[in-house]
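Enquirer: This is start.tsv, which holds TSV, C-alpha atoms and all ligand atoms:
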chain	number	residue	atom	x	y	z
A	1	MET	CA	6.04	-21.57	0.68
A	2	ARG	CA	6.95	-23.11	-2.69
A	3	GLU	CA	7.11	-26.57	-1.08
A	4	ALA	CA	3.68	-26.08	0.49
A	5	LEU	CA	2.25	-25.22	-2.93
A	6	ALA	CA	3.96	-28.21	-4.56
A	7	ARG	CA	2.67	-30.59	-1.85
A	8	PHE	CA	-0.91	-29.27	-1.81
A	9	GLU	CA	-3.46	-31.74	-3.15
A	10	GLY	CA	-6.67	-29.70	-3.09
A	11	PHE	CA	-6.42	-27.60	-6.24
A	12	HIS	CA	-9.41	-29.38	-7.79
A	13	ILE	CA	-11.65	-28.11	-4.97
A	14	TYR	CA	-13.15	-24.62	-4.88
A	15	PRO	CA	-11.99	-22.22	-2.18
A	16	ASP	CA	-14.16	-21.78	0.93
A	17	PRO	CA	-16.54	-18.87	0.18
A	18	ASP	CA	-16.54	-18.03	3.91
A	19	GLN	CA	-12.72	-17.92	3.96
A	20	ARG	CA	-12.72	-19.58	7.39
A	21	ALA	CA	-9.20	-21.05	7.45
A	22	LEU	CA	-7.78	-18.07	5.59
A	23	ARG	CA	-9.34	-15.55	7.96
A	24	ALA	CA	-8.23	-17.60	10.97
A	25	ALA	CA	-4.65	-17.52	9.69
A	26	ILE	CA	-4.77	-13.77	9.02
A	27	ALA	CA	-6.45	-13.09	12.40
A	28	GLU	CA	-3.58	-14.93	14.09
A	29	TYR	CA	-1.03	-12.86	12.18
A	30	VAL	CA	-2.64	-9.42	12.65
A	31	GLY	CA	-4.05	-9.97	16.13
A	32	VAL	CA	-7.63	-8.99	15.31
A	33	SER	CA	-10.84	-11.02	15.34
A	34	GLN	CA	-11.69	-13.07	12.25
A	35	ASP	CA	-15.11	-11.43	12.22
A	36	GLN	CA	-13.40	-8.18	11.30
A	37	LEU	CA	-11.68	-9.70	8.27
A	38	LEU	CA	-12.57	-10.07	4.63
A	39	ALA	CA	-9.96	-11.26	2.14
A	40	GLY	CA	-9.79	-10.05	-1.43
A	41	ASN	CA	-8.11	-10.83	-4.72
A	42	GLY	CA	-5.39	-8.41	-3.71
A	43	SER	CA	-6.27	-5.39	-1.60
A	44	ASP	CA	-7.13	-3.79	-4.94
A	45	GLU	CA	-10.31	-5.85	-4.84
A	46	LEU	CA	-11.22	-4.40	-1.43
A	47	ILE	CA	-10.77	-0.88	-2.84
A	48	ASP	CA	-13.12	-1.87	-5.66
A	49	PHE	CA	-15.70	-3.34	-3.24
A	50	LEU	CA	-15.63	-0.18	-1.10
A	51	CYS	CA	-16.20	2.04	-4.12
A	52	ARG	CA	-18.98	-0.15	-5.49
A	53	VAL	CA	-20.77	-0.32	-2.14
A	54	TYR	CA	-20.38	3.27	-0.96
A	55	LEU	CA	-20.31	5.38	-4.13
A	56	GLN	CA	-23.47	6.20	-6.02
A	57	PRO	CA	-22.89	8.02	-9.31
A	58	GLY	CA	-21.82	11.57	-8.42
A	59	ASP	CA	-20.59	10.70	-4.93
A	60	GLU	CA	-17.06	11.65	-3.97
A	61	ALA	CA	-13.95	9.94	-2.66
A	62	ILE	CA	-11.00	12.02	-1.46
A	63	ASP	CA	-7.41	11.06	-2.37
A	64	CYS	CA	-4.44	12.62	-0.58
A	65	THR	CA	-2.23	13.08	-3.61
A	66	PRO	CA	0.23	12.18	-4.92
A	67	THR	CA	-0.71	8.63	-4.02
A	68	PHE	CA	-1.63	5.16	-5.27
A	69	GLY	CA	-3.65	5.30	-8.50
A	70	MET	CA	-6.21	2.59	-7.79
A	71	TYR	CA	-8.32	4.85	-5.54
A	72	ARG	CA	-9.11	7.11	-8.47
A	73	PHE	CA	-9.49	4.18	-10.88
A	74	SER	CA	-12.06	2.35	-8.73
A	75	THR	CA	-13.83	5.58	-7.72
A	76	GLU	CA	-14.40	6.55	-11.34
A	77	LEU	CA	-15.36	3.03	-12.36
A	78	ALA	CA	-18.13	3.21	-9.74
A	79	GLY	CA	-19.33	6.52	-11.23
A	80	GLY	CA	-17.82	8.58	-8.43
A	81	HIS	CA	-15.60	11.65	-8.48
A	82	ALA	CA	-12.03	11.42	-7.16
A	83	ILE	CA	-11.32	14.67	-5.34
A	84	GLU	CA	-7.67	15.55	-4.73
A	85	ALA	CA	-6.59	16.91	-1.35
A	86	PRO	CA	-2.90	17.59	-2.09
A	87	ARG	CA	-0.36	16.58	0.54
A	88	ASP	CA	1.83	19.33	2.01
A	89	GLY	CA	5.42	20.09	1.02
A	90	SER	CA	6.72	17.19	3.11
A	91	TRP	CA	4.06	14.84	1.72
A	92	ARG	CA	2.06	14.87	4.96
A	93	VAL	CA	-1.72	14.56	4.73
A	94	ASP	CA	-3.07	18.12	4.78
A	95	VAL	CA	-6.03	17.87	7.17
A	96	ASP	CA	-7.30	21.34	6.29
A	97	ALA	CA	-7.24	20.50	2.58
A	98	VAL	CA	-9.19	17.31	3.30
A	99	ARG	CA	-11.73	19.19	5.47
A	100	GLU	CA	-12.21	21.77	2.73
A	101	SER	CA	-12.82	18.99	0.21
A	102	VAL	CA	-15.48	17.27	2.31
A	103	ASP	CA	-19.05	18.04	1.35
A	104	GLU	CA	-22.42	16.27	1.42
A	105	ARG	CA	-21.36	13.94	-1.42
A	106	THR	CA	-18.17	12.73	0.30
A	107	ARG	CA	-18.29	9.03	1.20
A	108	LEU	CA	-14.69	7.81	1.36
A	109	ILE	CA	-11.28	9.23	2.27
A	110	PHE	CA	-8.32	7.13	1.07
A	111	VAL	CA	-4.96	7.43	2.83
A	112	ALA	CA	-2.03	5.15	2.04
A	113	THR	CA	0.26	4.74	5.08
A	114	PRO	CA	3.14	4.41	4.32
A	115	ASN	CA	2.20	6.40	1.25
A	116	ASN	CA	3.12	5.18	-2.20
A	117	PRO	CA	5.27	6.86	-3.56
A	118	SER	CA	6.44	9.21	-0.78
A	119	GLY	CA	7.11	6.50	1.85
A	120	ASN	CA	5.86	8.48	4.89
A	121	THR	CA	3.20	7.39	7.37
A	122	VAL	CA	0.19	9.19	8.81
A	123	ASP	CA	0.09	10.03	12.53
A	124	ALA	CA	-2.70	9.37	15.04
A	125	PRO	CA	-3.89	12.99	15.43
A	126	THR	CA	-4.32	13.20	11.66
A	127	VAL	CA	-6.31	9.97	11.58
A	128	ASP	CA	-8.48	11.26	14.43
A	129	ALA	CA	-9.15	14.48	12.53
A	130	LEU	CA	-10.10	12.51	9.39
A	131	LEU	CA	-12.42	10.25	11.41
A	132	GLU	CA	-14.17	13.34	12.77
A	133	THR	CA	-15.33	14.26	9.27
A	134	GLY	CA	-17.72	11.30	9.55
A	135	SER	CA	-16.71	9.89	6.15
A	136	LEU	CA	-15.36	6.36	5.92
A	137	VAL	CA	-11.59	6.61	6.37
A	138	VAL	CA	-9.70	3.91	4.47
A	139	LEU	CA	-6.11	3.49	5.66
A	140	ASP	CA	-4.20	1.47	3.09
A	141	GLU	CA	-1.36	-0.25	4.93
A	142	ALA	CA	0.08	-2.13	1.95
A	143	TYR	CA	3.63	-1.39	3.17
A	144	ILE	CA	3.05	-1.25	6.93
A	145	GLU	CA	5.28	-4.26	7.65
A	146	PHE	CA	8.25	-2.09	6.66
A	147	ALA	CA	7.22	0.69	9.06
A	148	GLU	CA	7.36	-1.05	12.48
A	149	ASN	CA	4.40	-0.56	14.80
A	150	GLY	CA	2.60	2.08	12.76
A	151	SER	CA	-0.54	0.03	12.14
A	152	PHE	CA	-4.00	1.34	12.94
A	153	ALA	CA	-5.52	-2.17	12.74
A	154	PRO	CA	-6.15	-2.34	16.52
A	155	ARG	CA	-8.15	0.89	16.31
A	156	VAL	CA	-10.71	-0.43	13.82
A	157	ALA	CA	-12.66	-1.95	16.72
A	158	GLU	CA	-13.06	1.54	18.26
A	159	HIS	CA	-14.57	3.32	15.25
A	160	GLU	CA	-17.53	2.73	12.97
A	161	ASN	CA	-15.86	4.61	10.11
A	162	LEU	CA	-12.28	3.28	10.16
A	163	ILE	CA	-11.16	0.65	7.65
A	164	VAL	CA	-7.63	-0.75	7.33
A	165	LEU	CA	-6.49	-2.54	4.17
A	166	ARG	CA	-3.47	-4.83	4.13
A	167	THR	CA	-1.89	-7.18	1.62
A	168	PHE	CA	0.51	-10.09	1.22
A	169	SER	CA	1.80	-8.63	-2.05
A	170	LYS	CA	4.77	-6.62	-0.80
A	171	TRP	CA	6.30	-7.92	2.45
A	172	ALA	CA	5.39	-11.57	1.80
A	173	GLY	CA	6.24	-11.46	-1.91
A	174	LEU	CA	2.88	-12.89	-2.99
A	175	ALA	CA	1.85	-10.14	-5.45
A	176	GLY	CA	1.29	-12.68	-8.23
A	177	LEU	CA	-1.02	-14.83	-6.11
A	178	ARG	CA	-3.32	-11.88	-5.30
A	179	VAL	CA	-4.32	-11.83	-1.66
A	180	GLY	CA	-5.12	-8.82	0.46
A	181	TYR	CA	-7.62	-8.16	3.22
A	182	GLY	CA	-9.67	-5.55	4.96
A	183	ILE	CA	-9.98	-5.07	8.72
A	184	LEU	CA	-13.50	-3.75	8.93
A	185	PRO	CA	-16.06	-2.42	11.41
A	186	PRO	CA	-19.18	-4.64	11.56
A	187	GLY	CA	-21.41	-2.26	9.57
A	188	VAL	CA	-18.93	-2.18	6.69
A	189	ALA	CA	-18.15	-5.92	6.78
A	190	GLU	CA	-21.85	-6.71	6.46
A	191	HIS	CA	-22.10	-4.78	3.17
A	192	LEU	CA	-18.81	-5.93	1.65
A	193	TRP	CA	-19.67	-9.60	2.16
A	194	LYS	CA	-22.73	-9.02	-0.05
A	195	VAL	CA	-20.63	-7.97	-3.05
A	196	LYS	CA	-17.79	-10.48	-2.62
A	197	PRO	CA	-17.80	-13.16	-5.34
A	198	PRO	CA	-17.84	-16.59	-3.62
A	199	PHE	CA	-14.41	-17.74	-4.83
A	200	ASN	CA	-12.51	-14.44	-5.02
A	201	VAL	CA	-9.35	-15.71	-3.31
A	202	ASN	CA	-7.88	-18.79	-4.95
A	203	ARG	CA	-6.61	-21.89	-3.19
A	204	ALA	CA	-2.95	-21.36	-4.09
A	205	ALA	CA	-3.16	-18.01	-2.32
A	206	GLU	CA	-4.71	-19.70	0.74
A	207	VAL	CA	-1.89	-22.24	0.87
A	208	ALA	CA	0.78	-19.56	0.43
A	209	VAL	CA	-0.70	-17.40	3.20
A	210	ARG	CA	-0.76	-20.33	5.62
A	211	ALA	CA	2.84	-21.23	4.74
A	212	THR	CA	3.99	-17.61	5.09
A	213	ILE	CA	2.44	-17.31	8.54
A	214	ASP	CA	3.91	-20.65	9.60
A	215	ASP	CA	7.32	-19.36	8.52
A	216	ILE	CA	6.84	-15.88	9.98
A	217	ASP	CA	10.18	-15.65	11.80
A	218	ASN	CA	12.10	-16.13	8.57
A	219	VAL	CA	9.86	-13.75	6.69
A	220	ARG	CA	10.31	-11.12	9.39
A	221	GLY	CA	14.05	-11.59	9.01
A	222	ASN	CA	13.71	-10.71	5.31
A	223	ILE	CA	11.67	-7.64	6.17
A	224	ARG	CA	14.34	-6.50	8.62
A	225	ARG	CA	17.04	-7.02	6.01
A	226	ILE	CA	15.10	-4.91	3.49
A	227	MET	CA	14.62	-2.17	6.11
A	228	GLY	CA	18.35	-2.25	6.82
A	229	GLU	CA	19.16	-1.93	3.11
A	230	ARG	CA	16.62	0.88	2.78
A	231	ASP	CA	18.30	2.85	5.53
A	232	ARG	CA	21.75	2.14	4.10
A	233	MET	CA	20.61	3.25	0.62
A	234	ALA	CA	19.04	6.41	2.07
A	235	ARG	CA	22.29	7.31	3.84
A	236	ALA	CA	24.40	6.65	0.76
A	237	LEU	CA	22.09	8.66	-1.51
A	238	SER	CA	21.96	11.52	1.00
A	239	GLU	CA	25.70	11.93	0.61
A	240	LEU	CA	25.35	12.53	-3.13
A	241	PRO	CA	24.96	16.19	-4.14
A	242	GLY	CA	22.04	17.34	-6.25
A	243	LEU	CA	19.44	15.01	-4.75
A	244	ARG	CA	16.69	15.25	-2.21
A	245	VAL	CA	16.09	11.93	-0.49
A	246	TRP	CA	12.73	11.60	1.23
A	247	PRO	CA	12.73	9.61	4.48
A	248	SER	CA	10.96	6.31	3.87
A	249	ARG	CA	9.26	3.79	6.12
A	250	SER	CA	8.48	1.58	3.15
A	251	ASN	CA	10.47	-0.71	0.85
A	252	PHE	CA	11.23	2.03	-1.66
A	253	ILE	CA	12.79	5.49	-1.57
A	254	LEU	CA	11.54	8.56	-3.40
A	255	ILE	CA	14.27	10.89	-4.60
A	256	GLN	CA	13.96	14.31	-6.15
A	257	VAL	CA	16.51	15.25	-8.77
A	258	LEU	CA	17.49	18.86	-8.08
A	259	GLU	CA	19.76	19.22	-11.11
A	260	GLY	CA	19.14	17.47	-14.40
A	261	ASP	CA	16.23	15.61	-15.88
A	262	ALA	CA	14.55	12.75	-13.98
A	263	ALA	CA	13.39	11.11	-17.23
A	264	GLU	CA	16.99	11.04	-18.42
A	265	LEU	CA	18.06	9.58	-15.08
A	266	LYS	CA	15.46	6.86	-15.51
A	267	ASP	CA	16.96	6.01	-18.92
A	268	HIS	CA	20.43	6.00	-17.40
A	269	PHE	CA	19.24	3.54	-14.74
A	270	HIS	CA	17.62	1.44	-17.46
A	271	ARG	CA	20.91	1.22	-19.38
A	272	SER	CA	22.54	0.07	-16.13
A	273	GLY	CA	19.97	-2.72	-15.86
A	274	ILE	CA	18.00	-1.04	-13.07
A	275	ALA	CA	14.24	-0.47	-13.41
A	276	VAL	CA	12.93	2.51	-11.45
A	277	ARG	CA	9.62	4.35	-11.45
A	278	ALA	CA	9.26	7.85	-12.91
A	279	TYR	CA	6.05	9.91	-12.80
A	280	THR	CA	3.88	12.21	-14.85
A	281	HIS	CA	2.14	13.78	-11.81
A	282	PRO	CA	3.08	17.50	-11.85
A	283	ARG	CA	4.58	17.33	-8.35
A	284	LEU	CA	6.67	14.26	-9.20
A	285	GLN	CA	8.08	15.12	-12.61
A	286	ASP	CA	11.55	15.57	-11.09
A	287	SER	CA	11.27	12.48	-8.88
A	288	ILE	CA	12.09	8.80	-9.09
A	289	ARG	CA	11.07	5.92	-6.86
A	290	ILE	CA	13.68	3.25	-6.24
A	291	SER	CA	12.73	-0.12	-4.75
A	292	VAL	CA	14.98	-1.69	-2.15
A	293	GLY	CA	16.41	-5.16	-2.73
A	294	LEU	CA	19.66	-6.97	-2.02
A	295	PRO	CA	22.85	-5.26	-0.81
A	296	SER	CA	24.30	-5.68	-4.32
A	297	ASP	CA	21.23	-3.86	-5.71
A	298	THR	CA	21.81	-0.95	-3.32
A	299	ASP	CA	25.44	-0.75	-4.42
A	300	ALA	CA	24.44	-0.80	-8.10
A	301	VAL	CA	21.87	1.99	-7.54
A	302	VAL	CA	24.34	4.19	-5.65
A	303	ALA	CA	27.05	3.63	-8.29
A	304	ALA	CA	24.71	4.35	-11.22
A	305	LEU	CA	23.34	7.47	-9.58
A	306	GLY	CA	26.79	8.70	-8.56
A	307	GLY	CA	28.01	8.29	-12.15
A	308	TRP	CA	25.06	10.15	-13.59
A	309	LEU	CA	25.29	13.03	-11.11
A	310	ALA	CA	29.01	13.42	-11.81
A	311	LYS	CA	28.22	13.79	-15.52
A	312	GLN	CA	25.53	16.39	-14.72
A	313	GLY	CA	28.11	18.47	-12.86
A	314	ALA	CA	30.57	18.20	-15.74
A	315	ALA	CA	27.98	19.20	-18.35
A	401	LIG	C1	0.64	-2.44	-4.19
A	401	LIG	C2	-0.36	-1.60	-3.50
A	401	LIG	C3	-1.66	-2.06	-3.26
A	401	LIG	C4	-2.23	-3.27	-3.95
A	401	LIG	O1	-1.91	-4.41	-3.40
A	401	LIG	P1	-2.54	-5.79	-3.91
A	401	LIG	O2	-2.87	-6.45	-2.64
A	401	LIG	O3	-1.47	-6.43	-4.70
A	401	LIG	O4	-3.77	-5.51	-4.74
A	401	LIG	C5	-2.52	-1.30	-2.51
A	401	LIG	N1	-2.15	-0.10	-2.04
A	401	LIG	C6	-0.92	0.39	-2.26
A	401	LIG	C7	-0.57	1.72	-1.71
A	401	LIG	C8	0.01	-0.33	-3.01
A	401	LIG	O5	1.20	0.19	-3.28
Is it possible to express this structure as structure tokens?
Ligand SMILES: *Cc1c(COP(=O)(O)O)cnc(C)c1O
Expert:
Amino acid sequence: MREALARFEGFHIYPDPDQRALRAAIAEYVGVSQDQLLAGNGSDELIDFLCRVYLQPGDEAIDCTPTFGMYRFSTELAGGHAIEAPRDGSWRVDVDAVRESVDERTRLIFVATPNNPSGNTVDAPTVDALLETGSLVVLDEAYIEFAENGSFAPRVAEHENLIVLRTFSKWAGLAGLRVGYGILPPGVAEHLWKVKPPFNVNRAAEVAVRATIDDIDNVRGNIRRIMGERDRMARALSELPGLRVWPSRSNFILIQVLEGDAAELKDHFHRSGIAVRAYTHPRLQDSIRISVGLPSDTDAVVAALGGWLAKQGAA
């Protein structure tokens, strides 16, 4: 990927506004038609396009919380209201809560699968129930490559109101180059193309996507290694007392600290040279999200956490 960027000689030329080569490469990777695809400056840009196109001031978008913050951000920027349909005690999408939140102003329902930060995926019956509300259902599959065969991308062709968002940021390690995409029904694609700035995805991103797809076997090997480390970390953390470890199909693990203060644990990690994510959301105040990396990272996390928990017991 780095070599492809270094060799590339077209940086003085604007990107193709029709994204032909880029969409062809992504279509090959995902196994959908290029007509269904629109690439964005990160999938964040697709979230923004959807909110700008579908939300008039006062319209509503439903978020299944706790979840990724950009849905609310873009909803409110478009003048819409972000309505929370809280997930259940195991972080599953609560279909009844979503149904109760739907009213005549509802336009969009956002569901991250796997969810950030809980790491769980949504199942097909739940997606069917959401589609039956008639609102546009946006499945954000930013981490789907770590979930194995959980993607709803093939089902976009069967529904007028199903949208799948994906990105190269996480599994392909291209977060800094900003490239994501939507898999869209024709009626939605038509509208989103009208708001897309001509050169929204830069040429370095195009080159990196092509190189990633050309090197897909190696990249898949990395994904499998991360999934293996995730499962090893989950097992090791589950053996520690005083923690709840949520099953994850993503590249991070959410843990709940049953004894002691999660903010203090975050500081303890920080002193050990490990950056983790803590939360202010009321349901996540005792929780921490740990990203998965190399085997040595897993070992460092388990050692740091074990040390901290031992001190909690002694205190
Ligand atoms: C990281 C993330 C994104 C944003 O991805 P970009 O393509 O980098 O904009 C979207 N959704 C979720 C759930 C994420 O965690």
Enquirer: Report as a VMD selection string all protein, DNA and RNA residues lying within 8 Å of stretch 294-305 of chain A, evaluated on only C-alpha atoms, omitting residues in the same chain fewer than 4 positions from it.
Expert: chain A and resid 226 229 233 236 to 237 265 268 to 269 272 274 309
Enquirer: Could you pull out the residues sitting within 10 Å of ligand LIG 401 (chain A), using all atoms listed in the file, and write them as a VMD selection string?
Expert: chain A and resid 39 to 47 67 to 71 110 to 117 119 139 to 144 165 to 170 173 to 181 250
Enquirer: Skipping near chain neighbours, those fewer than 5 positions away, what residues fall within 7 Å of A:Ile255 using only C-alpha atoms, listed as an MDAnalysis selection string?
Expert: chainID A and resid 243:246 287:289
Enquirer: Please work out which residues fall within 10 Å of (-19.2, -1.3, 11.6), coordinates as given in the file, with all atoms listed in the file counting, and return them as an MDAnalysis selection string.
Expert: chainID A and resid 36 156:163 184:191
Enquirer: Which one is closest to A:Ala4: A:Asp215, A:Glu60, A:Asp231, A:Glu148? Count only C-alpha atoms.
Expert: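 Ranking A:Asp215, A:Glu60, A:Asp231, A:Glu148 by distance to A:Ala4, first place goes to A:Asp215.
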Enquirer: Hey, which of A:Pro241, A:Pro154, A:Gly182, A:Gly79 ends up closest to A:Val138? Count all atoms listed in the file.
Expert: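 Among A:Pro241, A:Pro154, A:Gly182, A:Gly79, it is A:Gly182 that comes nearest to A:Val138.
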Enquirer: Can you pull out the residues contacting A:Gly80? Cut-off 6 Å, using only C-alpha atoms, and skip same-chain residues under 3 positions away; I want them as a count of residues only.
Expert: 7
Enquirer: Mind pulling up the distance from atom CA of A:Phe73 to atom CA of A:Pro15?
Expert: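 Pair atom CA of A:Pro15 / atom CA of A:Phe73 returns 27.9 Å.
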Enquirer: Kindly indicate which residue among A:Ser291, A:Gln256, A:Gln34, A:Gln312 lies nearest to A:Val276, using all atoms listed in the file for the distances.
Expert: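 Using all atoms listed in the file, A:Val276 sits closest to A:Ser291.
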